[in-house]
Each structure stands twice: as C-alpha cells, then as structure tokens.
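Reading through the structure tokens given below for one structure.
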Number of protein chains: 2
Amino acid sequence: MRFELTNEFLVKLRQAILAKNGAFVNEHFKDLYPPDIAEIFNELQIEESKYVYSQLDDQIAADVLVELDDDVRENFLASLTSKEIAEHIDNMDSDDAADVIAELPDNVQDEVLAQMEDSEQASDIVDLLNFDENTAGGLMATELIRVHVNSNAIECVREIREQADKVENIYAIYVVDDDEKLVGLLHLKKLIVSSTRSRVSEIYDSKIISVKTNTPAEEIANLMDKYNLVVLPVIDALGRLVGRITIDDIVDVRREEETEDVQKMGAMEALEEPYMSTPFLQMIRKRVGWLIILFLGETLTATAMAFFEDQIAKAVILALFIPLIISSGGNSGSQASTLIIRALALGEITIRDWWKIVKKEFSTGLVIGLILGLIGFARVGLWSYFISSYGPHWMLIACTVGFSLVGVVMWGTLMGSLLPLFLKRLGLDPAVSSAPFVATLVDVTGLIIYFTLSIIFLKGVLL
Amino acid sequence: MRFELTNEFLVKLRQAILAKNGAFVNEHFKDLYPPDIAEIFNELQIEESKYVYSQLDDQIAADVLVELDDDVRENFLASLTSKEIAEHIDNMDSDDAADVIAELPDNVQDEVLAQMEDSEQASDIVDLLNFDENTAGGLMATELIRVHVNSNAIECVREIREQADKVENIYAIYVVDDDEKLVGLLHLKKLIVSSTRSRVSEIYDSKIISVKTNTPAEEIANLMDKYNLVVLPVIDALGRLVGRITIDDIVDVRREEETEDVQKMGAMEALEEPYMSTPFLQMIRKRVGWLIILFLGETLTATAMAFFEDQIAKAVILALFIPLIISSGGNSGSQASTLIIRALALGEITIRDWWKIVKKEFSTGLVIGLILGLIGFARVGLWSYFISSYGPHWMLIACTVGFSLVGVVMWGTLMGSLLPLFLKRLGLDPAVSSAPFVATLVDVTGLIIYFTLSIIFLKGVLL
C-alpha cells in the first residue's frame, strides 16, 4: 500500500513518458500522494516531469511543486512562464505560495503576482513576503475559518461551506468580534453536537493561546510542544486575527534547529543549506573558522611542551604517552559536554543545578579515571614484561601514566560539564562547547598534569 | 496572557495552601492549562499539590497528572489509594492511561484496573499494555470516531455526539465496513458541507494512510513527516481499525531519537533516563564502555611512536608539535563526520552519493589543510624569529609542520566523512562514528604522516 520508488518503476515511467503514454501515467499516479510524486520528480529530467505534470490535477500539481527539493523546484520554475507559475501559485496555501515566490528572482516575482487570478490571495502573499521568515508572520497561512461571536451555529456552517474551498483541513474555527479581534475558539466537536439554534457566544471557548506576527519560530515550537497544539492562531499588534500556523510548518523549524545544534557541536558554523547544495566557498567559510580558532588554541600545547623540552630530552619515553593521555582527557570531556548540552536543550537541567552537576561529574570522572588509569598502568606493565621496552624503571613510568590518566580524565569531565553551563550563563549557545573545543581546552592542561606528575615520580631516576 | 512561573507566585501559593484558601487557588488556576499547572506541581511538595488537586476539576486533574515529571508523578501516585488512582485513570485518554499504569508496581496495576468504573476502558488499557512501547500499538489511543460505510450524514453526526464525551479533539472520522475493517476517511469539512441525506459511501475518501500495531515508532514519525499528517489510524493484522496516533505522541518519540543520536555522537551509549535521574552505576556503565574502547585504540599511538623514538631522541623539538598535528586531524575529522551523520539522518544524502562526497570532502580538506598548514608554518617561523627557540633549521621544521598539517587535515576530513557511510553500509548506526571515535582513528595515522614527513625534510640535518 505504501509507495516505494524503485529503479524498475523509473525505467518504465521514462518509457511511458517518451511514448506520451498518458494512460500509464494516470494509472500509476492516481493513488500516489504529492510527497510520493515529488520523490519521483526529484529523479526525473525537467522535460520528463513536465509531461507528467500536464497529466496531473491542478491542485495535486501545486502540492507536488511545494514538496519538491529546492534545487529541482528552482530548475522547474525557471522552465515555466510567469503565467504558468501564477496558475500553480493560485492553487497553493498562502504560506507555501509565499515561500515559493520568495525563491523566484525579483522581476519574476512581480510578473507572477500580477498574473494571479485570485487578487486577494496575491495581496495576502505580498503581505506575507514582508515578514521575517523565522517569525509567526513568515510561517503563517492566511486561510482560516473565522466566525463572528454574535453569529449562530447555522451561520457558522454556512461560513465553513463558503470558505471550504480555500481551507484544506479544518482544525479550528476562530471567533472574532466587530473589530476582527480574536476572542476565542469554537471547537468543531462543539459545533457538531450543538443545536443549530445555538449562538456562537454560548458555545465558544474564550481560553485561547495565540502568537503575534513577530513571535520567533523557536518560541512557537516550544508553545506547540508544551500545550500539545496542532494549530495556533496569529494576531497582529492590534489583536486582530491574521493567520494560523499548523504543526507541520513547525516540524521543519525544529529540524533546522536540531541540525544547527548538531553542526555547532561538530565545531562548525551551522550551514544554511543542505550538505549537497552548499556551495564550495560557503562550505569552507563555515568550517575553517572554528578550525582556525581551535588550531590557535592548540598551539598553546607547543608552548606548554617547550617548558618540558628538557624532561623529554632526558626521558624520551615520556613523549610516547602524550597522545594517549591528552586524548583520554579530551574524550571524557567531550562525553560530559555532550550530555550537559543535550540535557540543557531538553530542559532537564538548568544553570541553577550546577553544584549538583559538579558533584555528579566529579564522582563519575573519578571512577572512569580510575578504570582508565588501571588499564594504562597494566598496559605499561604488560609491555615491559613481555616486550621489555620501558627499561628498569617501568613501574615508575606506569605510575606516572596511571595517575596522569586519573587526573586528566577527572579534569576533562569537570571542564566538559561546566563549560556548557558557563557559556549558557554568559548568554551564549552551550552547543558551541563542542567535543573538539573541549578537547582542545583539556589538551594544554592535560600536558601540564602529565609532566608535573612525571617530575614527582621520576625526579632523580630518569629526570 | 502566557503563564510564567515566578518564585513570588510560589510563595503566595504556599501561604494560600497552608491557610486552605480555596478562593485563591480557584482564582489563580482557572485560566491555566494543564501543562502550566504541572509546572507548578513539579515545584511543590506532595502534600501541597494534593490540596490544589482537590480543588481542580476531575478532567483537568487527570490532564495535569499526565503532564507531571516522571519522578514527581511516581511520588504523587504512591501517596494515593488505588481507588483514587483509578478515578484519575478513568478521565485519561487510553494511551496516557496505559503509560501511567505501566509505571505503577505490578500489584498496584491490578488493583487500579479492578477499581476502574469504565470497564471497557480498563480492558482497552490491558490490551494496550501488551504492545511494545516503541510500536504503533504502544503509542496509540483507542478513542476515535468510527462510522459505518453504509450509514448517512445524520447518523454520523449522531455517532459523533455519542462519542464526543470520550474524544477530546476530532481530527478525523474513520470509515469501517461490516468486519470493522478500515476502508477510508471522512473529512470533517466534507461532512459539514454535505447535505444531511448524503451517504458516507458517497462522500468518504478511500485513499488513506494507516499503520499496523507492530509498525515501529520511527517509521510512524517518518510517515507523519513525509505526508504532513496530524493523526494516523492503526489497524490490526486483519485490517480492523483499533486505534489512532496523534502527532504530539510522535514529538516525544522524535525527541528521544535525537537525544540518542546526540549521545552516541558524544561517544557514549544512549541513556535510558534523563541526566539527573540516571543512577550512578548506570551512568558509569553507559560512559566507560566507549571510553575504554577509544583508550585501547589510542594505545596504538604509543606503539606507533615507539617506532619513532630514535627520531624524537635526536630532535626533541619534533615532540612539541605532536598534540597540535594530531588534534588538527581529529578536529577536521570530527567536523566532517558530524556533517555527514546529520545529512544521512535527514536523508539529504545516501550511501550511493559516496563518490560525490569523497570529491567534495577531498577538495574541502585540501583547502582547509592549506590554510591551517600556512598558519602552522607561520607559527614556527614567527617563534623562530622573535623567540628563536627552534634553532638554525627552523625553516625545515616549519615545512615539516606545515605539510604534515595539510596531509593530516585532508586525511582526517576524508576518514571523518567516509566512516559514517561505511558504518551505515554495514548496517550499523552512523552516529557511532562520534567525534572522539574519528579523532582516535586519525591520531595514529596522523603520527605516521608527521614522522614520515619529518624524515623527508630533516634527514641528514637533524635526524
């Protein structure tokens, strides 16, 4: 029942298109949903999909256009006249229409808008284009069912019949007063179960959550989450009902946010476009910045090690364990910072919990440090016994490595957990305290811990 | 208009509770939504919230209970008799009811179910408890509006009136046949605009997307995403309609998945509970496993460096740049793996794109490597000029460091981008190729690149 795109089907479809076999297209496309058709079109050449388009119902064609990959849609629209684009736009919800138009070159935008049949929708779209895309105004659609608080149930039904053409799904009926101000919500269930003579004022719910046109997308996502909302009305500065946002618009917002967070945690600036369509220079710019900062931070390790050059000269063996020691600190720190960043993002913890977190991470770091320290100690011991490469003082070297690991892991864990809290306290995004960032911070201190302990254990023996 | 919890309000509320001031409670709680009230209860003592509970409407009280933090709810339920719990459960949707009951100790579960007034709901809950919580069966609620395909519009309205008590929001009306098999969907809009004499068979939509009780939660999330669905019907193995899943149930599924991904990318096993409520031993177990594996991998650096011990003894200066070189490879690799993991998760790329990705990452790695290599070269040069610490052959050392950086960064970028694809190809979760995992892999090869280049540049001079 569910659609899956196969190469076999694509081959057959291409043949049918070549042969202008409309029957094949109708037969295979009638049970598909727009997202399925978009999936197929993303694989076809423009000329091929144009033929299929011509066979589709107008409404479906418009829905498919909205679902296409950005670059495919761009190419496809470039192949249409502004009249053809206007016809598609006429069949879209205003929010999708505004998004599609915003992607067009400026001069084409004006031509398309001028060619639209529905001049009311054209003017709605022009209004929508003025809003910042990351606010309620930029996300909302203007199609909605509104009824006057003084009307009655029969008038409501008439109103719904009139507006039914424009509105695809009725999630809610909004109640407005004489000034078009939003005063409440009429649940469909209530309308259906009420007598036809009921007045809206008797059956509507005045308890309603709304957002302003300038409410940021992130706040809208949080509201819908917290209150389990599927649709949210949007009001202007005067409290007048101007649009509605549905949850599927918010899914995209949320996914973009998560992607930004993940990319920041990978030590780069968030990309503005999908991986494959990000231009080369932009890709470099987004990635090299943090790498340079981390690199400059990491040059401090060379400075720190210069202080211990004499020790390394006397006991070259110390150098062998440098990567092992500092990476263990970095790894345990990355782990801790990832945990804390995510817990902060989910609201499981707040900055006020910092002391509880310190206690928890201190003991966790101690236990993990002891485990890794023991393994490190055993590694040096076993190699000395079987391979005999670390000389007569292997026990002291093993102690240096083991205790350094305990210290470095504890330090890394504490730094990793406190850094996101510290960034948050400063009003910065905790996700910036990425694994590489924490690792770089811990590297310098890890070296100092290691060489200090080596002096304690090896003074007068190797040093 | 929107609620924000303040300390001031909490203080006043506590005083009102002490004074058993019901008027204060009613006044301040009547405009709040259940999630707001739950937020307040999460901060109160059980005895305090119990008083407020007693003042709330039964339906609201049940909704609040569902919204409470897990540990707060557990404590609260432990303070109630099974009779009281049963009363709350009677007011919940079946999916929430099953979730709450599943948290109770086994013996209490049976007592509560036995005490429920609505024996039909009790039996629904018992059925729901048998499903795996990560499948459609475990997520669905049984409350829904169903009409027979042979009924007419008037009968539909009557059916909705009868079922309205149980169903909070009507998202869809499901159409079934004689065998209770799901045959389609009746859009509310269609019902409202159709004549009351219309037969369901004439106005329903037979094109409907449904899932089976054993469909995994992740697949459901993807379906709702792709097809922009707000609600999805669930059928059993015989095609009979048994429940429905709404999008708010899926928001939690998606968030848990993201958390698991992020935690894996932080080089640990995913936690099963929130950070703060994860017991100490479980925390250690989830974190130390990967750290041990990474540690053992990293011990290879000590083995690799043993081969270059003579070189380090001759030119101690080489040791100074080890952390800088290997961390640059690790950082660029972490970045690349994060990008690819996320793009895979979003479906922006698939394994089939591997060659395109190699080309893209090769050139990106080359440019970033050249930039960092130049900075590294300059760093050595400047220090030699102003601080004069690297001796007469500083130029050769600068070349060694610079070219090593180019090689290590390119290698790190390629490994970081290919590893997630490789894991995916093996059927493993690409998120496992965490920043620390990639860094560890790149450390060993980074050392080999560095020391090999040092022989090329410094042979006969320092070595």
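Identifiers in the structure tokens: chain A, B, ... in order shown; residue index from 1 per chain; ligand index from 1 in order shown.
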
Which of stretch 99-337 of chain A DSSP labels helix (DSSP H, G or I), written as a PyMOL selection string:
chain A and resi 99-103+106-115+119-129+136-139+153-163+188-193+200-203+217-226+247-265+275-277+280-307+309-314+317-320+322-337

Tell me, counting only C-alpha atoms, for each residue of chain B within 7 Å of chain A, which pair of atoms is nearest and how far apart they are in Å to one decimal, in rows ordered by chain and increasing number, as JSON lines.
```
{"residue": "B:Pro35", "atom": "CA", "partner": "A:Tyr227", "partner_atom": "CA", "distance": 6.4}
{"residue": "B:Val157", "atom": "CA", "partner": "A:Ile192", "partner_atom": "CA", "distance": 6.7}
{"residue": "B:Arg161", "atom": "CA", "partner": "A:Val193", "partner_atom": "CA", "distance": 5.3}
{"residue": "B:Ala164", "atom": "CA", "partner": "A:Lys189", "partner_atom": "CA", "distance": 6.9}
{"residue": "B:Ile170", "atom": "CA", "partner": "A:Lys189", "partner_atom": "CA", "distance": 6.4}
{"residue": "B:Lys189", "atom": "CA", "partner": "A:Ile170", "partner_atom": "CA", "distance": 6.4}
{"residue": "B:Ile192", "atom": "CA", "partner": "A:Val157", "partner_atom": "CA", "distance": 6.8}
{"residue": "B:Val193", "atom": "CA", "partner": "A:Arg161", "partner_atom": "CA", "distance": 5.3}
{"residue": "B:Lys226", "atom": "CA", "partner": "A:Pro35", "partner_atom": "CA", "distance": 6.5}
{"residue": "B:Tyr227", "atom": "CA", "partner": "A:Pro35", "partner_atom": "CA", "distance": 6.3}
{"residue": "B:Asn228", "atom": "CA", "partner": "A:Asp248", "partner_atom": "CA", "distance": 5.8}
{"residue": "B:Asp248", "atom": "CA", "partner": "A:Asn228", "partner_atom": "CA", "distance": 5.8}
{"residue": "B:Thr259", "atom": "CA", "partner": "A:Arg342", "partner_atom": "CA", "distance": 6.9}
{"residue": "B:Gln263", "atom": "CA", "partner": "A:Leu339", "partner_atom": "CA", "distance": 6.5}
{"residue": "B:Gly266", "atom": "CA", "partner": "A:Gln335", "partner_atom": "CA", "distance": 4.8}
{"residue": "B:Ala267", "atom": "CA", "partner": "A:Gln335", "partner_atom": "CA", "distance": 6.0}
{"residue": "B:Met268", "atom": "CA", "partner": "A:Gln335", "partner_atom": "CA", "distance": 6.7}
{"residue": "B:Pro274", "atom": "CA", "partner": "A:Glu348", "partner_atom": "CA", "distance": 6.6}
{"residue": "B:Tyr275", "atom": "CA", "partner": "A:Ala343", "partner_atom": "CA", "distance": 6.4}
{"residue": "B:Ile284", "atom": "CA", "partner": "A:Thr364", "partner_atom": "CA", "distance": 6.4}
{"residue": "B:Val288", "atom": "CA", "partner": "A:Ile368", "partner_atom": "CA", "distance": 6.1}
{"residue": "B:Leu291", "atom": "CA", "partner": "A:Asn331", "partner_atom": "CA", "distance": 7.0}
{"residue": "B:Ile292", "atom": "CA", "partner": "A:Leu372", "partner_atom": "CA", "distance": 6.7}
{"residue": "B:Phe295", "atom": "CA", "partner": "A:Ser328", "partner_atom": "CA", "distance": 6.6}
{"residue": "B:Glu298", "atom": "CA", "partner": "A:Leu324", "partner_atom": "CA", "distance": 5.6}
{"residue": "B:Thr299", "atom": "CA", "partner": "A:Leu324", "partner_atom": "CA", "distance": 6.1}
{"residue": "B:Thr301", "atom": "CA", "partner": "A:Pro323", "partner_atom": "CA", "distance": 6.6}
{"residue": "B:Ala302", "atom": "CA", "partner": "A:Leu320", "partner_atom": "CA", "distance": 4.9}
{"residue": "B:Met305", "atom": "CA", "partner": "A:Leu320", "partner_atom": "CA", "distance": 5.6}
{"residue": "B:Ala306", "atom": "CA", "partner": "A:Leu320", "partner_atom": "CA", "distance": 6.5}
{"residue": "B:Glu309", "atom": "CA", "partner": "A:Val316", "partner_atom": "CA", "distance": 6.9}
{"residue": "B:Ile312", "atom": "CA", "partner": "A:Val316", "partner_atom": "CA", "distance": 6.8}
{"residue": "B:Ala313", "atom": "CA", "partner": "A:Val316", "partner_atom": "CA", "distance": 6.0}
{"residue": "B:Val316", "atom": "CA", "partner": "A:Ala313", "partner_atom": "CA", "distance": 6.0}
{"residue": "B:Ala319", "atom": "CA", "partner": "A:Ala319", "partner_atom": "CA", "distance": 6.6}
{"residue": "B:Leu320", "atom": "CA", "partner": "A:Ala302", "partner_atom": "CA", "distance": 4.9}
{"residue": "B:Phe321", "atom": "CA", "partner": "A:Ala302", "partner_atom": "CA", "distance": 5.6}
{"residue": "B:Pro323", "atom": "CA", "partner": "A:Thr301", "partner_atom": "CA", "distance": 6.6}
{"residue": "B:Leu324", "atom": "CA", "partner": "A:Glu298", "partner_atom": "CA", "distance": 5.6}
{"residue": "B:Ser328", "atom": "CA", "partner": "A:Phe295", "partner_atom": "CA", "distance": 6.5}
{"residue": "B:Asn331", "atom": "CA", "partner": "A:Pro436", "partner_atom": "CA", "distance": 5.6}
{"residue": "B:Ser334", "atom": "CA", "partner": "A:Gly266", "partner_atom": "CA", "distance": 6.1}
{"residue": "B:Gln335", "atom": "CA", "partner": "A:Gly266", "partner_atom": "CA", "distance": 4.8}
{"residue": "B:Thr338", "atom": "CA", "partner": "A:Gly266", "partner_atom": "CA", "distance": 5.4}
{"residue": "B:Leu339", "atom": "CA", "partner": "A:Gln263", "partner_atom": "CA", "distance": 6.5}
{"residue": "B:Arg342", "atom": "CA", "partner": "A:Thr259", "partner_atom": "CA", "distance": 6.9}
{"residue": "B:Ala343", "atom": "CA", "partner": "A:Tyr275", "partner_atom": "CA", "distance": 6.4}
{"residue": "B:Glu348", "atom": "CA", "partner": "A:Pro274", "partner_atom": "CA", "distance": 6.6}
{"residue": "B:Thr364", "atom": "CA", "partner": "A:Ile284", "partner_atom": "CA", "distance": 6.3}
{"residue": "B:Ile368", "atom": "CA", "partner": "A:Val288", "partner_atom": "CA", "distance": 6.1}
{"residue": "B:Leu372", "atom": "CA", "partner": "A:Ile292", "partner_atom": "CA", "distance": 6.7}
{"residue": "B:Ala435", "atom": "CA", "partner": "A:Ala435", "partner_atom": "CA", "distance": 6.6}
{"residue": "B:Pro436", "atom": "CA", "partner": "A:Asn331", "partner_atom": "CA", "distance": 5.6}
```

Convert the current residue selection to file output with C-alpha atoms, as a compact mmCIF listing (two decimals), in the first residue's frame.
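Written output follows (part31.txt):
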```txt
# COMPACT_ATOMS: atom_id res chain seq x y z
CA PRO B 35 0.95 21.88 31.40
CA VAL B 157 -23.49 13.37 13.47
CA ARG B 161 -22.47 13.21 19.57
CA ALA B 164 -17.88 13.18 21.79
CA ILE B 170 -11.94 15.29 16.41
CA LYS B 189 -15.17 19.54 6.19
CA ILE B 192 -20.21 19.74 7.31
CA VAL B 193 -20.68 20.91 3.73
CA LYS B 226 6.56 12.94 4.82
CA TYR B 227 2.81 13.17 4.38
CA ASN B 228 2.27 16.10 6.77
CA ASP B 248 2.00 15.03 19.84
CA THR B 259 18.83 12.54 22.19
CA GLN B 263 24.61 10.97 22.98
CA GLY B 266 29.31 12.18 22.18
CA ALA B 267 30.91 8.71 22.36
CA MET B 268 28.62 7.04 24.85
CA PRO B 274 17.06 11.95 31.94
CA TYR B 275 20.53 13.04 33.04
CA ILE B 284 29.32 4.87 34.61
CA VAL B 288 33.01 3.95 30.38
CA LEU B 291 35.99 5.37 26.65
CA ILE B 292 37.75 2.03 27.20
CA PHE B 295 41.55 4.21 25.09
CA GLU B 298 44.62 5.21 21.37
CA THR B 299 47.29 2.96 22.96
CA THR B 301 49.69 5.80 19.31
CA ALA B 302 52.21 4.73 21.96
CA MET B 305 55.55 6.40 18.44
CA ALA B 306 57.86 3.70 19.76
CA GLU B 309 61.64 7.04 19.47
CA ILE B 312 62.45 12.11 18.92
CA ALA B 313 65.68 11.48 20.85
CA VAL B 316 63.19 16.60 20.72
CA ALA B 319 57.67 16.14 20.08
CA LEU B 320 56.49 19.68 20.73
CA PHE B 321 54.15 19.69 17.73
CA PRO B 323 49.45 17.42 20.01
CA LEU B 324 48.97 20.23 17.51
CA SER B 328 44.05 19.24 13.85
CA ASN B 331 39.07 18.27 14.69
CA SER B 334 35.03 15.34 13.75
CA GLN B 335 33.58 18.16 11.73
CA THR B 338 29.19 15.35 12.19
CA LEU B 339 28.13 16.86 8.87
CA ARG B 342 23.38 14.67 10.19
CA ALA B 343 22.93 14.76 6.42
CA GLU B 348 19.89 14.69 2.35
CA THR B 364 37.38 20.92 1.22
CA ILE B 368 41.32 23.80 4.95
CA LEU B 372 45.95 25.54 8.67
CA ALA B 435 33.98 13.00 17.14
CA PRO B 436 36.15 11.12 19.69
```

Report the residues of stretch 172-369 of chain A whose backbone DSSP state falls under strand (DSSP E or B), written as a list in words.
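Matching residues, listed in order: Ile173, Tyr174, Val175, Val176, Lys181, Leu182, Val183, Gly184, Leu185, Leu186, Arg199, Asp205, Val211, Lys212, Pro216, Val231, Leu232, Pro233, Val234, Ile235, Arg240, Leu241, Val242, Gly243, Arg244, Ile245 and Thr246 of chain A.
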
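The space between atom CA of A:Ser54 and atom CA of A:Ala98 spans 23.2 Å.
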